[in-house]
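Q: My structure is in final_2.cif, and what it holds is mmCIF, C-alpha atoms, pLDDT in the B column; chains and numbers go by the auth columns:
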```cif
data_my_file
loop_
_atom_site.group_PDB
_atom_site.id
_atom_site.type_symbol
_atom_site.label_atom_id
_atom_site.label_comp_id
_atom_site.label_asym_id
_atom_site.label_seq_id
_atom_site.Cartn_x
_atom_site.Cartn_y
_atom_site.Cartn_z
_atom_site.B_iso_or_equiv
_atom_site.auth_seq_id
_atom_site.auth_asym_id
ATOM 1 C CA MET A 1 9.078 10.820 34.718 38.00 1 A
ATOM 2 C CA PRO A 2 12.667 9.613 34.133 42.00 2 A
ATOM 3 C CA PRO A 3 13.807 9.522 30.465 43.00 3 A
ATOM 4 C CA LEU A 4 14.182 5.726 30.562 38.00 4 A
ATOM 5 C CA CYS A 5 10.556 5.318 31.547 41.00 5 A
ATOM 6 C CA LYS A 6 9.456 7.555 28.694 42.00 6 A
ATOM 7 C CA ARG A 7 11.039 5.090 26.300 42.00 7 A
ATOM 8 C CA TRP A 8 9.968 1.799 27.839 41.00 8 A
ATOM 9 C CA CYS A 9 6.822 2.438 29.887 48.00 9 A
ATOM 10 C CA ARG A 10 4.126 2.578 27.225 48.00 10 A
ATOM 11 C CA ARG A 11 0.739 0.970 27.014 50.00 11 A
ATOM 12 C CA LYS A 12 1.180 -2.745 26.333 55.00 12 A
ATOM 13 C CA GLU A 13 -1.599 -2.778 23.757 53.00 13 A
ATOM 14 C CA ALA A 14 0.365 -0.317 21.602 58.00 14 A
ATOM 15 C CA ARG A 15 3.491 -2.448 21.425 86.00 15 A
ATOM 16 C CA PRO A 16 2.485 -5.011 18.745 90.00 16 A
ATOM 17 C CA GLN A 17 1.634 -2.174 16.338 89.00 17 A
ATOM 18 C CA GLU A 18 4.947 -0.452 17.084 92.00 18 A
ATOM 19 C CA ILE A 19 6.833 -3.711 16.531 94.00 19 A
ATOM 20 C CA LEU A 20 5.105 -4.299 13.188 93.00 20 A
ATOM 21 C CA GLU A 21 5.804 -0.759 11.981 92.00 21 A
ATOM 22 C CA ALA A 22 9.456 -1.011 13.031 93.00 22 A
ATOM 23 C CA ALA A 23 9.770 -4.389 11.309 93.00 23 A
ATOM 24 C CA LEU A 24 8.311 -3.081 8.053 91.00 24 A
ATOM 25 C CA ALA A 25 10.769 -0.195 7.965 90.00 25 A
ATOM 26 C CA LEU A 26 13.719 -2.490 8.631 92.00 26 A
ATOM 27 C CA PHE A 27 12.631 -5.168 6.162 90.00 27 A
ATOM 28 C CA VAL A 28 12.589 -2.531 3.439 86.00 28 A
ATOM 29 C CA GLU A 29 15.813 -0.825 4.501 86.00 29 A
ATOM 30 C CA LYS A 30 17.965 -3.875 5.251 87.00 30 A
ATOM 31 C CA GLY A 31 16.110 -6.786 3.684 85.00 31 A
ATOM 32 C CA PHE A 32 14.318 -9.544 5.553 87.00 32 A
ATOM 33 C CA ALA A 33 17.310 -11.862 5.952 86.00 33 A
ATOM 34 C CA ALA A 34 19.604 -9.131 7.306 89.00 34 A
ATOM 35 C CA THR A 35 17.071 -7.905 9.863 92.00 35 A
ATOM 36 C CA LYS A 36 17.418 -9.449 13.292 93.00 36 A
ATOM 37 C CA MET A 37 14.732 -9.632 15.959 94.00 37 A
ATOM 38 C CA ALA A 38 17.017 -7.534 18.151 94.00 38 A
ATOM 39 C CA ASP A 39 17.051 -4.861 15.422 95.00 39 A
ATOM 40 C CA ILE A 40 13.262 -4.810 15.402 94.00 40 A
ATOM 41 C CA ALA A 41 13.118 -4.547 19.183 94.00 41 A
ATOM 42 C CA LYS A 42 15.572 -1.650 19.196 94.00 42 A
ATOM 43 C CA ALA A 43 13.726 0.213 16.453 94.00 43 A
ATOM 44 C CA ALA A 44 10.414 -0.314 18.263 92.00 44 A
ATOM 45 C CA GLY A 45 11.906 0.909 21.534 91.00 45 A
ATOM 46 C CA VAL A 46 11.288 -2.316 23.442 92.00 46 A
ATOM 47 C CA THR A 47 13.521 -4.895 25.134 92.00 47 A
ATOM 48 C CA ASN A 48 15.012 -7.684 23.005 92.00 48 A
ATOM 49 C CA GLY A 49 12.596 -10.260 24.356 92.00 49 A
ATOM 50 C CA THR A 50 9.434 -8.220 23.857 93.00 50 A
ATOM 51 C CA PRO A 51 8.779 -9.119 20.190 93.00 51 A
ATOM 52 C CA TYR A 52 8.686 -12.812 21.181 93.00 52 A
ATOM 53 C CA ILE A 53 5.827 -12.097 23.572 93.00 53 A
ATOM 54 C CA TYR A 54 3.627 -11.236 20.592 94.00 54 A
ATOM 55 C CA PHE A 55 5.229 -13.083 17.657 93.00 55 A
ATOM 56 C CA ALA A 56 6.805 -16.539 17.519 92.00 56 A
ATOM 57 C CA SER A 57 9.290 -15.624 14.788 91.00 57 A
ATOM 58 C CA LYS A 58 10.431 -13.021 12.310 91.00 58 A
ATOM 59 C CA GLU A 59 8.436 -14.853 9.625 90.00 59 A
ATOM 60 C CA GLU A 60 5.280 -14.457 11.702 93.00 60 A
ATOM 61 C CA ILE A 61 5.990 -10.734 11.987 93.00 61 A
ATOM 62 C CA PHE A 62 6.283 -10.527 8.181 91.00 62 A
ATOM 63 C CA LYS A 63 2.942 -12.293 7.744 91.00 63 A
ATOM 64 C CA THR A 64 1.284 -10.116 10.385 93.00 64 A
ATOM 65 C CA VAL A 65 2.607 -6.936 8.762 91.00 65 A
ATOM 66 C CA VAL A 66 0.599 -7.850 5.658 90.00 66 A
ATOM 67 C CA ARG A 67 -2.532 -8.938 7.499 90.00 67 A
ATOM 68 C CA GLU A 68 -2.743 -6.278 10.216 91.00 68 A
ATOM 69 C CA LEU A 69 -1.148 -3.203 8.662 88.00 69 A
ATOM 70 C CA LEU A 70 -1.989 -3.550 4.982 89.00 70 A
ATOM 71 C CA ILE A 71 -5.181 -5.511 4.463 90.00 71 A
ATOM 72 C CA PRO A 72 -7.358 -3.364 6.808 90.00 72 A
ATOM 73 C CA GLN A 73 -6.742 -0.425 4.462 90.00 73 A
ATOM 74 C CA LEU A 74 -9.098 -2.076 1.967 92.00 74 A
ATOM 75 C CA ALA A 75 -12.028 -1.079 4.173 92.00 75 A
ATOM 76 C CA ARG A 76 -11.665 2.569 3.130 92.00 76 A
ATOM 77 C CA GLY A 77 -11.994 1.626 -0.520 93.00 77 A
ATOM 78 C CA GLN A 78 -14.981 -0.604 0.175 94.00 78 A
ATOM 79 C CA ASP A 79 -16.697 2.189 2.117 94.00 79 A
ATOM 80 C CA LEU A 80 -16.138 4.497 -0.845 94.00 80 A
ATOM 81 C CA LEU A 81 -17.705 2.017 -3.268 94.00 81 A
ATOM 82 C CA THR A 82 -20.709 1.596 -0.996 93.00 82 A
ATOM 83 C CA THR A 83 -21.442 5.267 -0.393 95.00 83 A
ATOM 84 C CA PHE A 84 -20.269 7.120 -3.514 95.00 84 A
ATOM 85 C CA GLN A 85 -23.067 8.774 -5.501 94.00 85 A
ATOM 86 C CA GLY A 86 -21.226 10.571 -8.322 94.00 86 A
ATOM 87 C CA SER A 87 -19.998 9.591 -11.771 95.00 87 A
ATOM 88 C CA SER A 88 -17.732 6.614 -12.356 96.00 88 A
ATOM 89 C CA ALA A 89 -14.938 8.942 -13.448 95.00 89 A
ATOM 90 C CA ASP A 90 -15.205 10.821 -10.156 95.00 90 A
ATOM 91 C CA LEU A 91 -15.372 7.523 -8.287 96.00 91 A
ATOM 92 C CA LEU A 92 -12.147 6.402 -9.969 95.00 92 A
ATOM 93 C CA ARG A 93 -10.509 9.705 -9.018 93.00 93 A
ATOM 94 C CA ALA A 94 -11.657 9.311 -5.415 94.00 94 A
ATOM 95 C CA MET A 95 -10.496 5.696 -5.234 94.00 95 A
ATOM 96 C CA LEU A 96 -6.990 6.439 -6.547 93.00 96 A
ATOM 97 C CA SER A 97 -6.726 9.442 -4.260 91.00 97 A
ATOM 98 C CA THR A 98 -7.723 7.273 -1.285 91.00 98 A
ATOM 99 C CA TRP A 99 -5.205 4.625 -2.347 92.00 99 A
ATOM 100 C CA TRP A 100 -2.410 7.186 -2.421 90.00 100 A
ATOM 101 C CA GLN A 101 -3.420 8.723 0.916 89.00 101 A
ATOM 102 C CA THR A 102 -3.528 5.380 2.723 89.00 102 A
ATOM 103 C CA MET A 103 -0.460 3.821 1.096 89.00 103 A
ATOM 104 C CA GLY A 104 1.543 6.240 -1.028 87.00 104 A
ATOM 105 C CA GLU A 105 1.852 8.855 1.711 86.00 105 A
ATOM 106 C CA SER A 106 2.414 6.379 4.541 87.00 106 A
ATOM 107 C CA GLN A 107 4.940 3.773 5.575 87.00 107 A
ATOM 108 C CA LEU A 108 2.834 1.244 3.660 90.00 108 A
ATOM 109 C CA SER A 109 4.255 2.654 0.416 90.00 109 A
ATOM 110 C CA ALA A 110 7.159 0.285 1.105 89.00 110 A
ATOM 111 C CA MET A 111 4.991 -2.820 0.655 90.00 111 A
ATOM 112 C CA PRO A 112 5.372 -3.216 -3.145 91.00 112 A
ATOM 113 C CA LYS A 113 9.165 -3.092 -2.870 89.00 113 A
ATOM 114 C CA LEU A 114 9.130 -5.518 0.053 89.00 114 A
ATOM 115 C CA MET A 115 6.919 -8.018 -1.755 90.00 115 A
ATOM 116 C CA ILE A 116 8.969 -7.824 -4.961 89.00 116 A
ATOM 117 C CA ALA A 117 12.172 -8.378 -3.008 87.00 117 A
ATOM 118 C CA GLU A 118 10.989 -11.040 -0.588 88.00 118 A
ATOM 119 C CA GLY A 119 7.810 -12.580 -1.997 87.00 119 A
ATOM 120 C CA LYS A 120 9.614 -15.394 -3.840 89.00 120 A
ATOM 121 C CA ASN A 121 11.375 -16.453 -0.635 89.00 121 A
ATOM 122 C CA PHE A 122 8.131 -16.442 1.337 88.00 122 A
ATOM 123 C CA PRO A 123 5.417 -17.897 -0.915 90.00 123 A
ATOM 124 C CA GLU A 124 2.923 -18.152 1.928 89.00 124 A
ATOM 125 C CA VAL A 125 3.210 -14.417 2.609 89.00 125 A
ATOM 126 C CA ALA A 126 3.088 -13.669 -1.122 90.00 126 A
ATOM 127 C CA LYS A 127 -0.105 -15.729 -1.378 91.00 127 A
ATOM 128 C CA ILE A 128 -1.693 -13.771 1.476 91.00 128 A
ATOM 129 C CA TYR A 129 -0.660 -10.489 -0.175 91.00 129 A
ATOM 130 C CA GLN A 130 -2.109 -11.563 -3.533 93.00 130 A
ATOM 131 C CA GLU A 131 -5.318 -13.212 -2.379 93.00 131 A
ATOM 132 C CA GLU A 132 -6.237 -10.947 0.547 92.00 132 A
ATOM 133 C CA PHE A 133 -5.024 -7.562 -0.715 93.00 133 A
ATOM 134 C CA VAL A 134 -4.255 -7.424 -4.445 94.00 134 A
ATOM 135 C CA ASP A 135 -7.222 -9.482 -5.641 96.00 135 A
ATOM 136 C CA PRO A 136 -9.839 -7.615 -3.539 95.00 136 A
ATOM 137 C CA GLY A 137 -8.299 -4.293 -4.613 95.00 137 A
ATOM 138 C CA ASN A 138 -8.524 -5.325 -8.259 96.00 138 A
ATOM 139 C CA THR A 139 -12.128 -6.375 -7.699 97.00 139 A
ATOM 140 C CA MET A 140 -12.922 -2.849 -6.504 96.00 140 A
ATOM 141 C CA LEU A 141 -11.346 -1.345 -9.617 97.00 141 A
ATOM 142 C CA ARG A 142 -13.240 -3.816 -11.802 97.00 142 A
ATOM 143 C CA HIS A 143 -16.481 -2.707 -10.171 97.00 143 A
ATOM 144 C CA ILE A 144 -15.711 0.932 -10.963 97.00 144 A
ATOM 145 C CA LEU A 145 -14.829 0.170 -14.581 97.00 145 A
ATOM 146 C CA GLN A 146 -17.915 -2.013 -15.093 97.00 146 A
ATOM 147 C CA ARG A 147 -20.017 0.740 -13.526 96.00 147 A
ATOM 148 C CA GLY A 148 -18.557 3.217 -16.028 96.00 148 A
ATOM 149 C CA ILE A 149 -19.109 0.873 -18.971 96.00 149 A
ATOM 150 C CA ALA A 150 -22.722 0.302 -17.936 96.00 150 A
ATOM 151 C CA SER A 151 -23.371 4.048 -17.720 94.00 151 A
ATOM 152 C CA GLY A 152 -21.703 4.736 -21.062 95.00 152 A
ATOM 153 C CA GLU A 153 -18.901 6.776 -19.489 94.00 153 A
ATOM 154 C CA PHE A 154 -16.078 4.339 -20.220 95.00 154 A
ATOM 155 C CA ARG A 155 -15.041 2.542 -23.381 93.00 155 A
ATOM 156 C CA ILE A 156 -12.735 -0.338 -22.441 93.00 156 A
ATOM 157 C CA HIS A 157 -11.701 -3.141 -24.783 92.00 157 A
ATOM 158 C CA ASP A 158 -9.782 -5.259 -22.239 96.00 158 A
ATOM 159 C CA ILE A 159 -10.899 -4.709 -18.665 96.00 159 A
ATOM 160 C CA ASP A 160 -8.365 -7.173 -17.217 97.00 160 A
ATOM 161 C CA TYR A 161 -5.384 -5.270 -18.556 96.00 161 A
ATOM 162 C CA ALA A 162 -7.056 -1.931 -17.921 95.00 162 A
ATOM 163 C CA ILE A 163 -6.913 -2.756 -14.208 96.00 163 A
ATOM 164 C CA GLU A 164 -3.185 -3.483 -14.464 95.00 164 A
ATOM 165 C CA VAL A 165 -2.519 -0.267 -16.384 94.00 165 A
ATOM 166 C CA ILE A 166 -4.426 1.831 -13.856 94.00 166 A
ATOM 167 C CA CYS A 167 -2.501 0.323 -10.935 94.00 167 A
ATOM 168 C CA ALA A 168 0.955 0.507 -12.508 93.00 168 A
ATOM 169 C CA PRO A 169 1.754 4.255 -12.202 90.00 169 A
ATOM 170 C CA ILE A 170 0.894 4.406 -8.507 90.00 170 A
ATOM 171 C CA ILE A 171 2.825 1.231 -7.736 91.00 171 A
ATOM 172 C CA VAL A 172 5.862 2.630 -9.563 87.00 172 A
ATOM 173 C CA ALA A 173 5.575 5.881 -7.597 85.00 173 A
ATOM 174 C CA MET A 174 5.596 3.900 -4.348 87.00 174 A
ATOM 175 C CA LEU A 175 8.579 1.838 -5.501 85.00 175 A
ATOM 176 C CA MET A 176 10.513 4.965 -6.373 80.00 176 A
ATOM 177 C CA ARG A 177 10.027 6.346 -2.862 80.00 177 A
ATOM 178 C CA HIS A 178 12.153 3.467 -1.583 78.00 178 A
ATOM 179 C CA SER A 179 14.657 3.091 -4.419 75.00 179 A
ATOM 180 C CA LEU A 180 18.202 4.408 -4.773 67.00 180 A
ATOM 181 C CA ILE A 181 17.615 4.958 -8.486 63.00 181 A
ATOM 182 C CA ASN A 182 14.672 7.292 -8.934 60.00 182 A
ATOM 183 C CA CYS A 183 13.182 7.949 -12.353 64.00 183 A
ATOM 184 C CA LEU A 184 10.670 10.375 -10.842 61.00 184 A
ATOM 185 C CA PRO A 185 11.215 13.807 -9.286 64.00 185 A
ATOM 186 C CA ASP A 186 12.907 13.723 -5.880 66.00 186 A
ATOM 187 C CA VAL A 187 9.752 15.078 -4.302 70.00 187 A
ATOM 188 C CA ILE A 188 6.523 13.839 -5.829 70.00 188 A
ATOM 189 C CA ASP A 189 3.616 16.261 -5.743 78.00 189 A
ATOM 190 C CA PRO A 190 0.800 13.754 -5.107 74.00 190 A
ATOM 191 C CA GLU A 191 -1.910 16.065 -6.422 78.00 191 A
ATOM 192 C CA ARG A 192 -0.057 16.709 -9.690 85.00 192 A
ATOM 193 C CA PHE A 193 0.917 13.052 -10.080 83.00 193 A
ATOM 194 C CA LEU A 194 -2.617 11.755 -9.566 84.00 194 A
ATOM 195 C CA HIS A 195 -4.133 14.511 -11.703 88.00 195 A
ATOM 196 C CA THR A 196 -1.792 13.695 -14.596 91.00 196 A
ATOM 197 C CA THR A 197 -2.337 9.952 -14.245 91.00 197 A
ATOM 198 C CA LEU A 198 -6.106 10.353 -14.235 90.00 198 A
ATOM 199 C CA ASP A 199 -6.050 12.881 -17.052 92.00 199 A
ATOM 200 C CA LEU A 200 -4.174 10.425 -19.272 91.00 200 A
ATOM 201 C CA LEU A 201 -6.382 7.520 -18.196 90.00 201 A
ATOM 202 C CA LEU A 202 -9.651 9.335 -18.723 90.00 202 A
ATOM 203 C CA ASN A 203 -8.783 11.666 -21.607 89.00 203 A
ATOM 204 C CA GLY A 204 -5.768 10.114 -23.312 86.00 204 A
ATOM 205 C CA LEU A 205 -3.154 11.927 -25.370 86.00 205 A
ATOM 206 C CA MET A 206 -5.185 12.661 -28.472 84.00 206 A
ATOM 207 C CA ALA A 207 -6.625 16.158 -28.757 81.00 207 A
ATOM 208 C CA SER A 208 -10.356 16.423 -29.400 70.00 208 A
ATOM 209 C CA PRO A 209 -11.670 18.767 -32.127 65.00 209 A
ATOM 210 C CA LYS A 210 -12.715 21.304 -29.490 65.00 210 A
ATOM 211 C CA ASP A 211 -9.085 21.641 -28.372 58.00 211 A
ATOM 212 C CA HIS A 212 -8.043 23.072 -31.750 53.00 212 A
#
```
As structure tokens, what does this structure read like?
A:
Amino acid sequence: MPPLCKRWCRRKEARPQEILEAALALFVEKGFAATKMADIAKAAGVTNGTPYIYFASKEEIFKTVVRELLIPQLARGQDLLTTFQGSSADLLRAMLSTWWQTMGESQLSAMPKLMIAEGKNFPEVAKIYQEEFVDPGNTMLRHILQRGIASGEFRIHDIDYAIEVICAPIIVAMLMRHSLINCLPDVIDPERFLHTTLDLLLNGLMASPKDH
């Protein structure tokens, strides 16, 4: 097979996904406004006109990135809630680990930075991101916390802000992966990071009498 065909002759059904993934990378690297459709086509390895076969505009690509790359990841969390049989503390550990595996260790880790940078300019996309991804994700965390309160495992005074506090460290870690100024180690050890986050969340800083 000639080299040119290796680049261009791929299954047509794979191309929209490749275009979306290329667009996400470029939106984060260059910014939405500076990214041209031709840039997306080149990064996806398709001809300049190919993105227009699947998407009417760059704005539609942005919206589809959220709906088709990001939102389906919620299904893994929902499956976990439905099938998990252990303690609420272990469920929280499993949920945060799943969150990091699906987003933190993938190209989707760029989404928080992209939404912070571009959400104000694209309120419709920001609304989709909030209502179809953030809110359902927070609902899952609320379920875990309420489950722990009901079982006597958790003591939470303000569940609304507890959700925000639990999310914040992982969001910051994802932001730092795509930032020039990094306040975290150059290479994050996901296991150590999640273990420390969960240890502080579940056990706090104060030593118990048995630790003395």
Q: Smallest atom-to-atom distance to A:Phe55: which of A:Leu194, A:Met95, A:Ala41, A:Val134, using all atoms listed in the file?
A: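 Selected residue with least distance to A:Phe55: A:Ala41.
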Q: On this structure, the PyMOL selection byres ((chain A and resi 121-127) around 12) would catch which residues? List them as an MDAnalysis selection string, sorted by chain and number.
A: chainID A and resid 31:33 58:67 111:112 114:120 128:135
Q: I need every residue sitting at most 9 Å from the point (14.1, -7.6, 9.3) (coordinates as in the file, only C-alpha atoms considered), written as a ChimeraX atom specification.
A: /A:22-37,39-40,58,62
Q: Ranking A:Lys42, A:Arg192, A:Arg147, A:His178 by minimum distance to A:Ser109 and counting all atoms listed in the file, which one comes first?
A: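 Of A:Lys42, A:Arg192, A:Arg147, A:His178, the one nearest A:Ser109 is A:His178, counting all atoms listed in the file.
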Q: Please indicate the distance in Å from atom CA of A:Ser106 to atom CA of A:Ile159, rounded to one decimal place.
A: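 About the pair atom CA of A:Ser106 and atom CA of A:Ile159: they are 29.0 Å apart.
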Q: As an exercise, work out the distance from atom CA of A:Gln73 to atom CA of A:Thr102 in Å and give it to one decimal place.
A: 6.9 Å
Q: Please evaluate the PyMOL selection byres ((chain A and resi 155) around 12) against the structure above and give the resulting residues as a list in words.
A: Ala89, Leu145, Gln146, Arg147, Gly148, Ile149, Ala150, Ser151, Gly152, Glu153, Phe154, Ile156, His157, Asp158, Ile159, Ala162, Leu201, Leu202, Asn203 and Gly204 of chain A
Q: Work out how far atom CA of A:Ala38 is from atom CA of A:Leu175, in Å to one decimal.
A: 26.8 Å
Q: I'd like to know which of A:Leu205, A:Ile163, A:Ala110, A:Met140 is closest to A:Met176, using only C-alpha atoms.
A: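 Checking each candidate against A:Met176, we get A:Ala110 as the closest.
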Q: Looking at only C-alpha atoms, which of A:Ala173, A:Ala56, A:Leu69, A:Met103 is the one that sits closest to A:Glu21?
A: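 Of A:Ala173, A:Ala56, A:Leu69, A:Met103, the one nearest A:Glu21, counting only C-alpha atoms, is A:Leu69.
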Q: From the list A:Gln107, A:Asn138, A:Thr50, A:Thr197, which residue is nearest A:Leu70 when using all atoms listed in the file?
A: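 Of A:Gln107, A:Asn138, A:Thr50, A:Thr197, the one nearest A:Leu70 is A:Gln107, counting all atoms listed in the file.
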Q: Return as lines of an AutoDock Vina configuration file the box centre and box size in Å, one decimal, for an axis-aligned box around all listed atoms of stretch 197-202 of chain A padded by 5 Å per side.
A:
```
center_x = -6.0
center_y = 10.2
center_z = -16.8
size_x = 17.3
size_y = 15.4
size_z = 15.0
```
Q: Using all atoms listed in the file for the distances, tell me which of A:Leu198, A:Ile19, A:Ile53, A:Leu74 is nearest to A:Leu96.
A: A:Leu198
Q: Using all atoms listed in the file, which residues sit within 10 Å of A:Leu81 once same-chain residues fewer than 4 positions away are excluded, as JSON, numbers by chain?
A: {"A": [75, 76, 77, 85, 91, 92, 94, 95, 140, 141, 143, 144]}
Q: Skipping near chain neighbours, those fewer than 3 positions away, what residues fall within 8 Å of A:Ile170 using only C-alpha atoms, listed as a list in words?
A: Trp100, Gly104, Ile166, Cys167, Ala173 and Met174 of chain A
Q: Those residues with C-alpha atoms, as a CSV table (one decimal), keeping the file's coordinate frame please?
A:
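The resulting file, result_17.csv, is reproduced below:
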```csv
chain,number,residue,atom,x,y,z
A,100,TRP,CA,-2.4,7.2,-2.4
A,104,GLY,CA,1.5,6.2,-1.0
A,166,ILE,CA,-4.4,1.8,-13.9
A,167,CYS,CA,-2.5,0.3,-10.9
A,173,ALA,CA,5.6,5.9,-7.6
A,174,MET,CA,5.6,3.9,-4.3
```
Q: Using the structure block above, produce a file of stretch 69-84 of chain A that contains N, CA, C and O atoms, as an mmCIF file, in the first residue's frame.
A:
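This went into result.cif:
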```cif
data_model
loop_
_atom_site.group_PDB
_atom_site.id
_atom_site.type_symbol
_atom_site.label_atom_id
_atom_site.label_comp_id
_atom_site.auth_asym_id
_atom_site.auth_seq_id
_atom_site.Cartn_x
_atom_site.Cartn_y
_atom_site.Cartn_z
ATOM 1 N N LEU A 69 -17.473 13.134 22.980
ATOM 2 C CA LEU A 69 -16.251 12.631 23.590
ATOM 3 C C LEU A 69 -16.341 12.617 25.114
ATOM 4 O O LEU A 69 -15.862 11.685 25.755
ATOM 5 N N LEU A 70 -16.948 13.647 25.676
ATOM 6 C CA LEU A 70 -16.927 13.808 27.129
ATOM 7 C C LEU A 70 -18.111 13.157 27.830
ATOM 8 O O LEU A 70 -17.939 12.332 28.727
ATOM 9 N N ILE A 71 -19.300 13.534 27.437
ATOM 10 C CA ILE A 71 -20.494 13.104 28.172
ATOM 11 C C ILE A 71 -20.645 11.583 28.242
ATOM 12 O O ILE A 71 -21.057 11.053 29.285
ATOM 13 N N PRO A 72 -20.312 10.809 27.181
ATOM 14 C CA PRO A 72 -20.435 9.352 27.299
ATOM 15 C C PRO A 72 -19.593 8.738 28.413
ATOM 16 O O PRO A 72 -19.904 7.615 28.862
ATOM 17 N N GLN A 73 -18.575 9.456 28.889
ATOM 18 C CA GLN A 73 -17.745 8.915 29.962
ATOM 19 C C GLN A 73 -18.522 8.768 31.273
ATOM 20 O O GLN A 73 -18.134 8.007 32.163
ATOM 21 N N LEU A 74 -19.637 9.490 31.393
ATOM 22 C CA LEU A 74 -20.449 9.396 32.601
ATOM 23 C C LEU A 74 -21.010 7.987 32.805
ATOM 24 O O LEU A 74 -21.309 7.594 33.929
ATOM 25 N N ALA A 75 -21.152 7.249 31.718
ATOM 26 C CA ALA A 75 -21.743 5.910 31.818
ATOM 27 C C ALA A 75 -20.921 4.999 32.713
ATOM 28 O O ALA A 75 -21.469 4.148 33.424
ATOM 29 N N ARG A 76 -19.587 5.167 32.709
ATOM 30 C CA ARG A 76 -18.743 4.327 33.558
ATOM 31 C C ARG A 76 -19.011 4.600 35.035
ATOM 32 O O ARG A 76 -19.058 3.678 35.851
ATOM 33 N N GLY A 77 -19.200 5.867 35.370
ATOM 34 C CA GLY A 77 -19.524 6.202 36.751
ATOM 35 C C GLY A 77 -20.886 5.679 37.157
ATOM 36 O O GLY A 77 -21.068 5.183 38.269
ATOM 37 N N GLN A 78 -21.855 5.784 36.254
ATOM 38 C CA GLN A 78 -23.201 5.299 36.554
ATOM 39 C C GLN A 78 -23.206 3.788 36.736
ATOM 40 O O GLN A 78 -23.875 3.262 37.635
ATOM 41 N N ASP A 79 -22.453 3.077 35.910
ATOM 42 C CA ASP A 79 -22.339 1.621 36.056
ATOM 43 C C ASP A 79 -21.749 1.268 37.416
ATOM 44 O O ASP A 79 -22.182 0.303 38.067
ATOM 45 N N LEU A 80 -20.767 2.038 37.847
ATOM 46 C CA LEU A 80 -20.133 1.793 39.140
ATOM 47 C C LEU A 80 -21.131 1.974 40.277
ATOM 48 O O LEU A 80 -21.207 1.149 41.195
ATOM 49 N N LEU A 81 -21.922 3.049 40.207
ATOM 50 C CA LEU A 81 -22.930 3.284 41.245
ATOM 51 C C LEU A 81 -23.940 2.141 41.301
ATOM 52 O O LEU A 81 -24.387 1.744 42.378
ATOM 53 N N THR A 82 -24.297 1.627 40.150
ATOM 54 C CA THR A 82 -25.333 0.597 40.072
ATOM 55 C C THR A 82 -24.857 -0.750 40.599
ATOM 56 O O THR A 82 -25.635 -1.488 41.220
ATOM 57 N N THR A 83 -23.590 -1.060 40.390
ATOM 58 C CA THR A 83 -23.109 -2.413 40.684
ATOM 59 C C THR A 83 -22.255 -2.525 41.947
ATOM 60 O O THR A 83 -22.062 -3.635 42.445
ATOM 61 N N PHE A 84 -21.775 -1.415 42.481
ATOM 62 C CA PHE A 84 -20.827 -1.484 43.597
ATOM 63 C C PHE A 84 -21.499 -2.002 44.865
ATOM 64 O O PHE A 84 -22.584 -1.550 45.234
#
```
